[in-house]
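Notes to accompany the following structure.
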Amino acid sequence: AWRISLRIVRPIEAMAQVARRVADGDLQARNEGQARGPVEVQAVARQIDRMLAAQASHEQALASRELMFRSMFDSNPVPHLLQRAHAEIVDVNAALLRVSGYSRESLVGRMVSEIGLWGDSEDLERASAALRRDGRLDGFEGVVRLRNGERRFVLLSTCSLDIDGVPHFLHSVVDITERRRAEEALREREERLSFLLSRTSAVIYTSRARGDFGTTFVSDSVMSLLEARTPRLLNT
């Protein structure tokens, strides 16, 4: 019985010792466990070796994915901002720093509302409400304020990410200021043209270039001359 007890107790003590040394970072303990001791200890050492190899492989895969994400994040020409959900900014890419004029140190670790990135507090409230409701934004239109005070129209798209069990938001920002200005300029030109056409005494009308060549526009002067109403002339 005494020998049987030793046969059981000693391997357990040896296994515990090997496990403690490996946990403390002494990977050489694996080899010592394999080289000496009962068969049970050697088997445990091999099992520990396999577990550590699997863990190392998993950590390497995680590191590779993190490196890939970091490379894509930093080199992306579209401004991006990583934020803990409804909390502080975690990271920003070079494109956002270049466009906004802010430094990384002035953004990371601070709240978006604290910095004043949104040009309109109502936009911030609408975006926050949509994120709480849907967990994402798709082409949200708003106004942001650059570091120099300039206001820019943007489209904001946001997706939810889980990083180490903590919810995050990844925001991408597309500047549409020039498009908005072009649309506004076109609208103003159309309004001026409409005003001029309504005041001119010249006879002006347009028609389709193909098909039935139906009339698509007549100026007020034409209506006065013909003493007819627009619905009767259009599409005739």
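Identifiers for the structure tokens are assigned positionally: chains receive A, B, ... in sequence, residues are indexed from 1 per chain, and ligands are indexed from 1 in the order shown.
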
request  = Extract, using only C-alpha atoms, all DNA, RNA and protein residues at most 12 Å from Asp134 in chain A, discarding same-chain residues fewer than 4 positions from it, and format them as a ChimeraX atom specification.
outcome  = /A:126-130,138,158-160

Go ahead and dump the residues you just picked, N, CA, C and O atoms, as a tab-separated table (two decimals), in the first residue's frame.
```
chain	number	residue	atom	x	y	z
A	126	ARG	N	-28.61	63.06	-32.48
A	126	ARG	CA	-29.27	62.15	-33.43
A	126	ARG	C	-28.40	60.93	-33.70
A	126	ARG	O	-28.89	59.79	-33.76
A	127	ALA	N	-27.09	61.15	-33.87
A	127	ALA	CA	-26.17	60.04	-34.13
A	127	ALA	C	-26.11	59.10	-32.92
A	127	ALA	O	-26.14	57.87	-33.07
A	128	SER	N	-26.01	59.67	-31.72
A	128	SER	CA	-25.94	58.84	-30.50
A	128	SER	C	-27.22	58.03	-30.32
A	128	SER	O	-27.18	56.85	-29.96
A	129	ALA	N	-28.36	58.64	-30.60
A	129	ALA	CA	-29.64	57.93	-30.46
A	129	ALA	C	-29.73	56.79	-31.46
A	129	ALA	O	-30.20	55.69	-31.12
A	130	ALA	N	-29.27	57.03	-32.69
A	130	ALA	CA	-29.31	55.98	-33.71
A	130	ALA	C	-28.38	54.83	-33.35
A	130	ALA	O	-28.70	53.65	-33.57
A	138	ASP	N	-25.34	54.31	-41.14
A	138	ASP	CA	-25.08	54.06	-42.56
A	138	ASP	C	-25.37	55.33	-43.35
A	138	ASP	O	-26.52	55.63	-43.66
A	158	THR	N	-20.82	53.90	-39.32
A	158	THR	CA	-20.29	53.33	-38.07
A	158	THR	C	-20.71	51.87	-37.95
A	158	THR	O	-21.86	51.51	-38.22
A	159	CYS	N	-19.76	51.03	-37.53
A	159	CYS	CA	-20.07	49.63	-37.24
A	159	CYS	C	-19.64	49.32	-35.81
A	159	CYS	O	-18.77	50.00	-35.25
A	160	SER	N	-20.26	48.32	-35.22
A	160	SER	CA	-19.94	47.91	-33.85
A	160	SER	C	-18.90	46.81	-33.87
A	160	SER	O	-18.95	45.90	-34.70
```

Need to verify the contact set: Ala95 in chain A, 7 Å, only C-alpha atoms, exclusion of same-chain residues closer than 6 positions in sequence. Can you return it as a compact mmCIF listing (two decimals) with all heavy atoms, in the first residue's frame?
```
# COMPACT_ATOMS: atom_id res chain seq x y z
N PRO A 77 -7.05 55.64 -46.73
CA PRO A 77 -7.15 57.06 -47.06
C PRO A 77 -8.41 57.72 -46.52
O PRO A 77 -8.51 58.95 -46.50
CB PRO A 77 -7.14 57.06 -48.59
CG PRO A 77 -7.68 55.73 -48.98
CD PRO A 77 -7.20 54.78 -47.92
N VAL A 78 -9.39 56.93 -46.10
CA VAL A 78 -10.62 57.46 -45.52
C VAL A 78 -10.41 57.68 -44.02
O VAL A 78 -9.93 56.79 -43.33
CB VAL A 78 -11.80 56.50 -45.75
CG1 VAL A 78 -13.06 57.03 -45.06
CG2 VAL A 78 -12.04 56.29 -47.23
N PRO A 79 -10.74 58.86 -43.50
CA PRO A 79 -10.58 59.10 -42.06
C PRO A 79 -11.38 58.09 -41.23
O PRO A 79 -12.56 57.87 -41.48
CB PRO A 79 -11.11 60.53 -41.89
CG PRO A 79 -10.91 61.17 -43.23
CD PRO A 79 -11.17 60.08 -44.22
```

remark   = Shortest contact to Asn93 in chain A, candidates A:His171, A:Arg151, A:Arg133, A:Arg210, atoms counted only C-alpha atoms, goes to A:His171

key: Selected residue, from A:Asp164, A:Asp220, A:Asp120, A:Glu114, that lies nearest to Ser201 in chain A when counting only C-alpha atoms   = A:Asp220

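CA of Leu117 in chain A lies 11.6 Å from CA of Leu96 in chain A.
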